[in-house]
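Have a look at target-v8.cif; it's mmCIF, C-alpha atoms (C1' of nucleotides):
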```
data_entry
loop_
_atom_site.label_atom_id
_atom_site.label_comp_id
_atom_site.auth_asym_id
_atom_site.auth_seq_id
_atom_site.Cartn_x
_atom_site.Cartn_y
_atom_site.Cartn_z
CA MET A 28 28.81 29.87 -97.14
CA ASN A 29 27.11 33.14 -96.52
CA GLU A 30 23.58 31.83 -96.23
CA GLN A 31 22.83 34.99 -94.25
CA SER A 32 22.31 32.96 -91.04
CA CYS A 33 18.83 31.98 -89.94
CA PRO A 34 16.54 34.93 -90.69
CA GLU A 35 13.98 34.43 -87.95
CA PHE A 36 14.91 37.77 -86.42
CA THR A 37 17.41 40.56 -86.85
CA GLY A 38 17.88 41.42 -83.19
CA LEU A 39 16.54 44.91 -83.83
CA GLU A 40 12.88 44.13 -83.23
CA LEU A 41 12.61 45.51 -79.71
CA SER A 42 13.03 48.97 -78.24
CA PRO A 43 15.74 49.46 -75.60
CA ARG A 44 13.31 49.30 -72.73
CA LYS A 45 11.53 46.20 -73.99
CA VAL A 46 14.92 44.51 -74.16
CA ASP A 47 15.31 45.22 -70.45
CA TYR A 48 11.94 43.69 -69.65
CA LEU A 49 12.63 40.51 -71.60
CA LYS A 50 16.12 40.05 -70.18
CA PHE A 51 14.79 40.45 -66.67
CA ILE A 52 11.97 37.98 -67.22
CA LEU A 53 14.35 35.37 -68.59
CA GLU A 54 16.86 35.79 -65.81
CA LYS A 55 14.21 35.75 -63.13
CA GLY A 56 12.72 32.61 -64.62
CA GLY A 57 9.22 31.16 -64.48
CA THR A 58 6.18 33.34 -63.93
CA VAL A 59 7.10 36.90 -63.10
CA LYS A 60 4.88 39.42 -61.38
CA THR A 61 4.41 43.04 -62.35
CA THR A 62 5.77 44.30 -59.05
CA GLU A 63 9.05 42.44 -59.35
CA ILE A 64 9.67 43.94 -62.74
CA SER A 65 8.65 47.40 -61.63
CA SER A 66 10.97 47.45 -58.67
CA SER A 67 13.85 46.02 -60.65
CA LEU A 68 13.48 48.41 -63.59
CA LYS A 69 12.42 51.24 -61.30
CA VAL A 70 9.27 52.20 -63.13
CA ASP A 71 5.68 52.61 -62.05
CA PRO A 72 3.68 49.37 -62.07
CA SER A 73 1.31 50.93 -64.56
CA THR A 74 4.17 51.38 -66.97
CA THR A 75 5.17 47.76 -66.52
CA SER A 76 1.63 46.60 -67.03
CA LYS A 77 1.36 48.38 -70.34
CA THR A 78 4.73 47.25 -71.61
CA LEU A 79 3.97 43.66 -70.66
CA ASN A 80 0.80 43.89 -72.68
CA GLU A 81 2.70 45.10 -75.71
CA LEU A 82 5.27 42.32 -75.39
CA ALA A 83 2.46 39.80 -75.07
CA GLY A 84 0.75 41.27 -78.12
CA ALA A 85 3.98 40.87 -80.07
CA GLY A 86 4.17 37.22 -79.08
CA TYR A 87 7.04 37.25 -76.61
CA LEU A 88 5.04 36.74 -73.44
CA ASN A 89 2.01 34.94 -72.10
CA HIS A 90 0.19 37.37 -69.92
CA VAL A 91 -2.44 36.14 -67.49
CA PRO A 92 -3.98 39.36 -66.17
CA TYR A 93 -3.36 39.93 -62.48
CA LYS A 94 -1.30 36.76 -62.32
CA GLY A 95 1.93 37.47 -64.13
CA VAL A 96 3.85 36.77 -67.32
CA ASP A 97 6.09 34.06 -68.64
CA LEU A 98 8.03 33.74 -71.86
CA THR A 99 6.50 32.13 -74.92
CA GLU A 100 8.72 29.86 -77.01
CA LEU A 101 9.58 32.81 -79.20
CA GLY A 102 10.15 34.96 -76.14
CA GLU A 103 12.54 32.44 -74.68
CA VAL A 104 14.60 32.10 -77.83
CA TYR A 105 14.62 35.84 -78.22
CA ALA A 106 15.48 36.62 -74.61
CA GLU A 107 18.33 34.11 -74.73
CA PHE A 108 19.68 36.03 -77.69
CA LEU A 109 19.30 39.28 -75.78
CA VAL A 110 21.24 37.98 -72.81
CA ARG A 111 23.89 36.46 -75.02
CA ARG A 112 24.21 39.72 -76.93
CA HIS A 113 24.63 41.64 -73.71
CA ARG A 114 27.32 39.32 -72.46
CA ILE A 115 29.26 39.06 -75.70
CA LEU A 116 29.34 42.81 -76.09
CA SER A 117 30.26 43.39 -72.46
CA LEU A 118 33.07 40.88 -72.70
CA LEU A 119 34.25 42.57 -75.88
CA LEU A 120 34.49 45.95 -74.21
CA THR A 121 36.46 44.60 -71.28
CA HIS A 122 39.14 43.67 -73.82
CA TYR A 123 39.57 47.40 -74.46
CA GLY A 124 40.26 48.64 -70.96
CA LEU A 125 36.73 49.02 -69.64
CA SER A 126 35.91 47.58 -66.25
CA THR A 127 33.12 45.05 -65.90
CA GLU A 128 30.78 47.72 -64.61
CA GLU A 129 31.68 50.21 -67.29
CA ALA A 130 31.31 47.60 -70.00
CA CYS A 131 27.93 46.46 -68.72
CA SER A 132 26.49 49.93 -68.41
CA GLU A 133 27.88 50.97 -71.76
CA VAL A 134 26.36 47.91 -73.40
CA SER A 135 23.04 48.44 -71.67
CA ARG A 136 22.78 51.74 -73.43
CA LEU A 137 23.54 50.49 -76.94
CA GLU A 138 22.73 46.77 -77.10
CA ALA A 139 19.26 47.22 -78.57
CA PHE A 140 20.89 48.60 -81.72
CA VAL A 141 23.32 45.77 -82.38
CA SER A 142 22.15 43.27 -84.97
CA ARG A 143 22.12 39.56 -84.52
CA ASP A 144 24.41 39.18 -87.52
CA ALA A 145 27.00 41.41 -85.90
CA VAL A 146 26.73 39.55 -82.60
CA ASN A 147 27.21 36.23 -84.33
CA LYS A 148 30.25 37.47 -86.20
CA ILE A 149 31.77 38.91 -83.05
CA CYS A 150 30.97 35.70 -81.20
CA SER A 151 32.73 33.62 -83.85
CA ALA A 152 35.72 35.92 -83.98
CA MET A 153 36.08 35.65 -80.20
CA GLY A 154 35.97 31.85 -80.42
CA HIS A 155 32.56 31.39 -78.82
CA PRO A 156 33.62 32.28 -75.29
CA MET A 157 31.74 30.47 -72.55
CA VAL A 158 32.43 32.88 -69.73
CA GLY A 159 31.27 36.47 -69.86
CA VAL A 160 31.80 39.26 -67.40
CA CYS A 161 28.25 39.22 -66.13
CA GLY A 162 27.30 35.59 -66.45
CA GLU A 163 27.79 32.46 -68.48
CA ILE A 164 27.39 32.73 -72.24
CA THR A 165 25.24 30.09 -73.87
CA HIS A 166 25.75 29.31 -77.53
CA GLU A 167 22.89 27.10 -78.67
CA LYS A 168 21.78 29.29 -81.51
CA CYS A 169 25.23 30.54 -82.22
CA PHE A 170 26.64 27.06 -82.84
CA HIS A 171 23.69 25.96 -84.90
CA GLU A 172 24.06 28.93 -87.15
CA GLU A 173 27.75 28.35 -87.63
CA HIS A 174 27.55 24.64 -88.32
CA HIS A 175 24.47 23.72 -90.31
CA SER A 176 24.27 23.67 -94.11
CA MET B 8 45.83 58.61 -62.94
CA ASN B 9 42.05 58.40 -63.23
CA GLU B 10 41.33 62.10 -63.37
CA GLN B 11 38.12 61.14 -65.16
CA SER B 12 39.37 62.72 -68.40
CA CYS B 13 38.28 66.20 -69.36
CA PRO B 14 34.62 66.51 -68.37
CA GLU B 15 33.49 69.00 -71.00
CA PHE B 16 31.10 66.44 -72.44
CA THR B 17 30.13 62.80 -72.06
CA GLY B 18 29.44 62.08 -75.71
CA LEU B 19 25.83 61.27 -74.87
CA GLU B 20 24.48 64.79 -75.27
CA LEU B 21 22.94 64.39 -78.70
CA SER B 22 20.20 62.18 -80.06
CA PRO B 23 21.08 59.75 -82.87
CA ARG B 24 19.70 61.95 -85.57
CA LYS B 25 21.41 65.09 -84.32
CA VAL B 26 24.67 63.19 -84.43
CA ASP B 27 24.06 62.60 -88.13
CA TYR B 28 23.46 66.29 -88.74
CA LEU B 29 26.62 67.37 -86.98
CA LYS B 30 28.80 64.74 -88.62
CA PHE B 31 27.52 65.76 -92.03
CA ILE B 32 28.08 69.43 -91.38
CA LEU B 33 31.66 68.84 -90.27
CA GLU B 34 32.48 66.58 -93.19
CA LYS B 35 30.90 68.93 -95.69
CA GLY B 36 32.83 71.83 -94.22
CA GLY B 37 32.14 75.57 -94.19
CA THR B 38 28.63 76.94 -94.46
CA VAL B 39 26.09 74.27 -95.22
CA LYS B 40 22.67 74.79 -96.71
CA THR B 41 19.44 73.19 -95.56
CA THR B 42 18.87 71.49 -98.89
CA GLU B 43 22.24 69.75 -98.89
CA ILE B 44 21.56 68.28 -95.48
CA SER B 45 18.04 67.30 -96.40
CA SER B 46 19.03 65.42 -99.49
CA SER B 47 21.94 63.73 -97.76
CA LEU B 48 19.94 62.64 -94.74
CA LYS B 49 16.83 62.07 -96.85
CA VAL B 50 14.45 64.12 -94.76
CA ASP B 51 12.07 66.91 -95.57
CA PRO B 52 13.70 70.37 -95.55
CA SER B 53 11.28 71.43 -92.85
CA THR B 54 12.64 68.70 -90.63
CA THR B 55 16.17 69.85 -91.28
CA SER B 56 15.27 73.44 -90.57
CA LYS B 57 13.85 72.59 -87.20
CA THR B 58 16.69 70.33 -86.21
CA LEU B 59 19.22 72.95 -87.22
CA ASN B 60 17.45 75.41 -85.00
CA GLU B 61 17.67 73.04 -82.07
CA LEU B 62 21.37 72.42 -82.65
CA ALA B 63 21.94 76.16 -82.87
CA GLY B 64 19.98 76.68 -79.68
CA ALA B 65 22.19 74.12 -77.95
CA GLY B 66 25.28 75.99 -79.08
CA TYR B 67 26.66 73.65 -81.72
CA LEU B 68 25.78 75.72 -84.77
CA ASN B 69 25.58 79.29 -85.98
CA HIS B 70 22.40 79.57 -87.96
CA VAL B 71 21.89 82.53 -90.27
CA PRO B 72 18.27 82.13 -91.35
CA TYR B 73 17.87 81.42 -95.06
CA LYS B 74 21.64 81.41 -95.46
CA GLY B 75 22.90 78.27 -93.83
CA VAL B 76 24.72 76.90 -90.81
CA ASP B 77 28.28 76.45 -89.73
CA LEU B 78 29.82 74.90 -86.66
CA THR B 79 30.55 76.94 -83.56
CA GLU B 80 33.76 76.25 -81.71
CA LEU B 81 31.90 73.85 -79.46
CA GLY B 82 30.22 72.31 -82.48
CA GLU B 83 33.52 71.73 -84.17
CA VAL B 84 35.13 70.08 -81.17
CA TYR B 85 32.04 68.01 -80.65
CA ALA B 86 31.63 66.99 -84.29
CA GLU B 87 35.26 65.96 -84.42
CA PHE B 88 34.59 63.70 -81.51
CA LEU B 89 31.54 62.30 -83.27
CA VAL B 90 33.49 61.49 -86.40
CA ARG B 91 36.34 60.01 -84.41
CA ARG B 92 33.90 57.91 -82.42
CA HIS B 93 32.31 56.62 -85.57
CA ARG B 94 35.64 55.68 -87.07
CA ILE B 95 37.11 54.08 -83.97
CA LEU B 96 34.02 51.95 -83.47
CA SER B 97 33.82 51.00 -87.14
CA LEU B 98 37.46 50.00 -87.15
CA LEU B 99 36.87 47.98 -83.99
CA LEU B 100 34.06 46.00 -85.57
CA THR B 101 36.08 45.18 -88.66
CA HIS B 102 38.45 43.35 -86.33
CA TYR B 103 35.59 40.94 -85.60
CA GLY B 104 34.71 39.81 -89.07
CA LEU B 105 32.41 42.61 -90.15
CA SER B 106 32.96 44.20 -93.54
CA THR B 107 33.56 47.92 -93.80
CA GLU B 108 29.98 48.48 -94.85
CA GLU B 109 28.52 46.28 -92.13
CA ALA B 110 30.70 47.91 -89.50
CA CYS B 111 29.73 51.41 -90.60
CA SER B 112 26.02 50.74 -90.71
CA GLU B 113 26.12 48.90 -87.41
CA VAL B 114 27.97 51.77 -85.80
CA SER B 115 25.62 54.32 -87.30
CA ARG B 116 22.82 52.68 -85.38
CA LEU B 117 24.52 52.62 -81.99
CA GLU B 118 27.20 55.30 -81.90
CA ALA B 119 25.04 57.92 -80.20
CA PHE B 120 24.97 55.70 -77.11
CA VAL B 121 28.69 55.17 -76.71
CA SER B 122 30.30 57.44 -74.14
CA ARG B 123 33.37 59.49 -74.71
CA ASP B 124 35.12 57.68 -71.88
CA ALA B 125 34.55 54.35 -73.58
CA VAL B 126 35.76 55.70 -76.91
CA ASN B 127 38.92 57.04 -75.33
CA LYS B 128 39.63 53.75 -73.62
CA ILE B 129 39.04 51.81 -76.81
CA CYS B 130 41.17 54.29 -78.69
CA SER B 131 44.05 53.84 -76.25
CA ALA B 132 43.75 50.07 -76.23
CA MET B 133 43.93 50.06 -80.04
CA GLY B 134 47.06 52.20 -79.94
CA HIS B 135 45.52 55.37 -81.32
CA PRO B 136 45.13 54.11 -84.89
CA MET B 137 45.46 56.77 -87.57
CA VAL B 138 43.62 54.98 -90.35
CA GLY B 139 39.99 54.00 -90.01
CA VAL B 140 37.77 52.12 -92.42
CA CYS B 141 35.81 55.15 -93.45
CA GLY B 142 38.39 57.91 -93.22
CA GLU B 143 41.38 59.13 -91.32
CA ILE B 144 41.18 59.19 -87.53
CA THR B 145 42.33 62.36 -85.84
CA HIS B 146 43.49 62.23 -82.25
CA GLU B 147 43.90 65.78 -80.99
CA LYS B 148 41.64 65.46 -77.99
CA CYS B 149 42.46 61.86 -77.44
CA PHE B 150 46.19 62.53 -77.05
CA HIS B 151 45.65 65.51 -74.82
CA GLU B 152 43.48 63.50 -72.48
CA GLU B 153 46.02 60.73 -72.28
CA HIS B 154 49.07 62.89 -71.69
CA HIS B 155 48.29 65.87 -69.48
CA SER B 156 48.48 65.91 -65.70
"C1'" DC C 4 -15.73 38.79 -45.92
"C1'" DA C 5 -13.74 43.23 -45.37
"C1'" DA C 6 -9.44 45.62 -45.63
"C1'" DA C 7 -4.94 45.63 -47.85
"C1'" DA C 8 -2.05 44.87 -51.66
"C1'" DA C 9 -1.28 44.14 -56.47
"C1'" DT C 10 -2.60 45.06 -61.08
"C1'" DT C 11 -4.76 47.29 -64.76
"C1'" DT C 12 -7.03 51.24 -67.19
"C1'" DG C 13 -7.65 55.91 -68.46
"C1'" DG C 14 -5.69 60.12 -69.06
"C1'" DG C 15 -1.68 63.01 -69.57
"C1'" DT C 16 3.29 64.64 -70.23
"C1'" DA C 17 7.76 64.69 -72.65
"C1'" DT C 18 11.21 63.71 -76.21
"C1'" DA C 19 12.55 62.37 -80.77
"C1'" DC C 20 11.64 62.35 -85.38
"C1'" DT C 21 8.90 62.92 -89.21
"C1'" DC C 22 5.78 65.06 -93.06
"C1'" DC C 23 2.59 68.36 -95.41
"C1'" DA C 24 0.94 72.85 -96.60
"C1'" DA C 25 1.43 77.55 -96.44
"C1'" DA C 26 4.13 81.74 -95.61
"C1'" DA C 27 8.42 84.22 -96.07
"C1'" DA C 28 12.91 85.26 -97.94
"C1'" DT C 29 16.39 84.80 -101.32
"C1'" DA C 30 18.02 83.99 -105.99
"C1'" DA C 31 17.43 84.05 -111.08
"C1'" DG C 32 15.72 85.36 -115.54
"C1'" DC C 33 14.36 88.65 -118.63
"C1'" DG D 17 14.33 95.96 -111.28
"C1'" DC D 18 10.69 93.31 -111.02
"C1'" DT D 19 8.44 88.97 -111.48
"C1'" DT D 20 8.94 84.16 -111.22
"C1'" DA D 21 11.23 80.20 -109.34
"C1'" DT D 22 13.69 78.13 -105.65
"C1'" DT D 23 14.93 77.71 -100.96
"C1'" DT D 24 13.91 77.99 -96.32
"C1'" DT D 25 11.05 78.50 -92.47
"C1'" DT D 26 6.72 78.19 -89.75
"C1'" DG D 27 2.52 76.13 -88.23
"C1'" DG D 28 0.03 72.19 -87.63
"C1'" DA D 29 -0.08 67.36 -87.00
"C1'" DG D 30 1.15 62.33 -86.53
"C1'" DT D 31 3.79 58.21 -84.84
"C1'" DA D 32 6.67 55.83 -81.49
"C1'" DT D 33 8.87 55.31 -77.08
"C1'" DA D 34 8.69 55.88 -72.39
"C1'" DC D 35 7.05 57.58 -68.30
"C1'" DC D 36 3.70 59.00 -64.18
"C1'" DC D 37 -0.64 59.75 -61.49
"C1'" DA D 38 -5.23 58.66 -60.04
"C1'" DA D 39 -8.95 55.72 -60.15
"C1'" DA D 40 -10.98 51.27 -60.96
"C1'" DT D 41 -10.47 46.39 -60.68
"C1'" DT D 42 -8.92 41.99 -59.03
"C1'" DT D 43 -6.56 39.13 -55.94
"C1'" DT D 44 -4.87 38.14 -51.51
"C1'" DT D 45 -5.04 38.20 -46.48
"C1'" DG D 46 -6.21 38.76 -41.86
#
```
Here is a file; write its structure as structure tokens.
Amino acid sequence: MNEQSCPEFTGLELSPRKVDYLKFILEKGGTVKTTEISSSLKVDPSTTSKTLNELAGAGYLNHVPYKGVDLTELGEVYAEFLVRRHRILSLLLTHYGLSTEEACSEVSRLEAFVSRDAVNKICSAMGHPMVGVCGEITHEKCFHEEHHS
Amino acid sequence: MNEQSCPEFTGLELSPRKVDYLKFILEKGGTVKTTEISSSLKVDPSTTSKTLNELAGAGYLNHVPYKGVDLTELGEVYAEFLVRRHRILSLLLTHYGLSTEEACSEVSRLEAFVSRDAVNKICSAMGHPMVGVCGEITHEKCFHEEHHS
DNA sequence: CAAAAATTTGGGTATACTCCAAAAATAAGC
DNA sequence: GCTTATTTTTGGAGTATACCCAAATTTTTG
């Protein structure tokens, strides 16, 4: 026991805003255009364009200029973690008297600073819940980490 | 019910680092010197000096140049909230399989982004615990908010 | 294929946080 | 009490995040 879970990433790699971009791209699915992201995140398209470039440079996205972005394999794994983290933490807060909306907005503010290790421990302690307050919770990585070796 | 609790502050006023300064100053107690803060937070004294000035400008500290700082009334109330927030959140995380050290370091990363409303709700849901994992939890404000009007 | 729409680039602003070097003030030693 | 040593502050500068505007570019459409 205590093999430190799979050390591919800590969950602290991305800035708060980049987390938003990746979560949106995963939830939208497929190839996503700059405009969609901009209107959803309420930022200027030029801001989106630059951020997308940075995320592509870091290996999370494939960016075909003027066409759009889609997640790389790494990006997909990572974004799934980000969404799972958001949902686990939101669910957690609703157990302490926060409404769904309060929990979600609270978590949106802090999620980028919660480590993967902490999320996995919380997830285990909660019994790997399948239903979150803002969407289904998927546990692929979570189960693997708990069961192998 | 739902009188929005006392709206003096949201708990989101200060940046992560400023939270560290204020927590340290409260826990140290009395007049605190630049050097003490610098060595505790491991930053250059010039950084401390500037940050102290900003906190004084925002009304949290009295700063007597070359002598040291101490908390204003606002600063004291606020810093007590900051310490309580840290302890409530740390205690919370230890209920989910995190060790004291893990909980504390996790919370240190995210605490600045947790609202006072959320802390008060969590605090109530936990039954206003008096003993945290990294120190006693005081509930002055918490009780007042829950009981009046 | 020209006009419209989307996207990117270049340039700039703001906040947070940091350090170094030099100036200023306080504290200590003789 | 005055000179040295220490502490603190100031000035200058750098990095990272995050944002916008205007202009250039590319794609799409009528």
Query raised in the report: What is the atom CA of A:Arg136 to atom CA of B:Leu81 distance in Å?
Result: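 Rounded to one decimal, the two atoms are 24.7 Å apart.
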Against chain D, which residues of chain B fall within 9 Å? For each one I want the closest pair of atoms and the distance in Å (one decimal), counting all atoms listed in the file, rows by chain and increasing residue number, as CSV.
```
residue,atom,partner,partner_atom,distance
B:Thr41,CA,D:DT24,C1',7.4
B:Thr42,CA,D:DT23,C1',7.6
B:Pro52,CA,D:DT24,C1',7.7
B:Ser53,CA,D:DT25,C1',7.1
B:Ser56,CA,D:DT25,C1',6.9
B:Lys57,CA,D:DT25,C1',8.4
B:Pro72,CA,D:DT24,C1',7.8
B:Tyr73,CA,D:DT24,C1',5.4
B:Lys74,CA,D:DT24,C1',8.5
```
Using all atoms of stretch 124-127 of chain A that appear in the file, construct an axis-aligned enclosing box with 5 Å of padding on every side and provide its centre coordinates and edge lengths in Å, rounded to one decimal, as AutoDock Vina command-line options.
```
--center_x 36.7 --center_y 47.0 --center_z -68.4 --size_x 17.1 --size_y 14.0 --size_z 15.1
```
Requested in this report: Counting all atoms listed in the file, collect the residues of chain C whose closest atom lies at most 12 Å from chain B, and write them out as an NGL selection string.
Outcome: :C and (18-24 or 27-30)
**Report entry** Chain and number of each residue from the PyMOL selection byres ((chain A) within 6 of (chain B)), as a count of residues only
**Finding:** 8
Requested in this report: Could you tell me which residues the PyMOL selection byres ((chain B and resi 140) around 7) grabs in this file, written as a PyMOL selection string?
Outcome: chain B and resi 94+97-98+107+138-139+141-142
Query - Hits from the PyMOL selection byres ((chain B and resi 84) around 12), listed as a list in words - result: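 On this input, the PyMOL selection byres ((chain B and resi 84) around 12) captures Glu15, Phe16, Gly18, Leu29, Lys30, Leu33, Gly66, Tyr67, Leu68, Leu78, Thr79, Glu80, Leu81, Gly82, Glu83, Tyr85, Ala86, Glu87, Phe88, Leu89, Val90, Arg91, Thr145, His146, Glu147, Lys148 and Cys149 of chain B.
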Report summary line: What separates atom CA of B:Glu108 and atom CA of B:Lys49 is a distance of 19.0 Å
Report task. Figure out the distance between atom CA of B:Glu20 and atom CA of B:Leu96, please, to one decimal in Å. Result ->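 For atom CA of B:Leu96 relative to atom CA of B:Glu20, the distance reads 18.0 Å.
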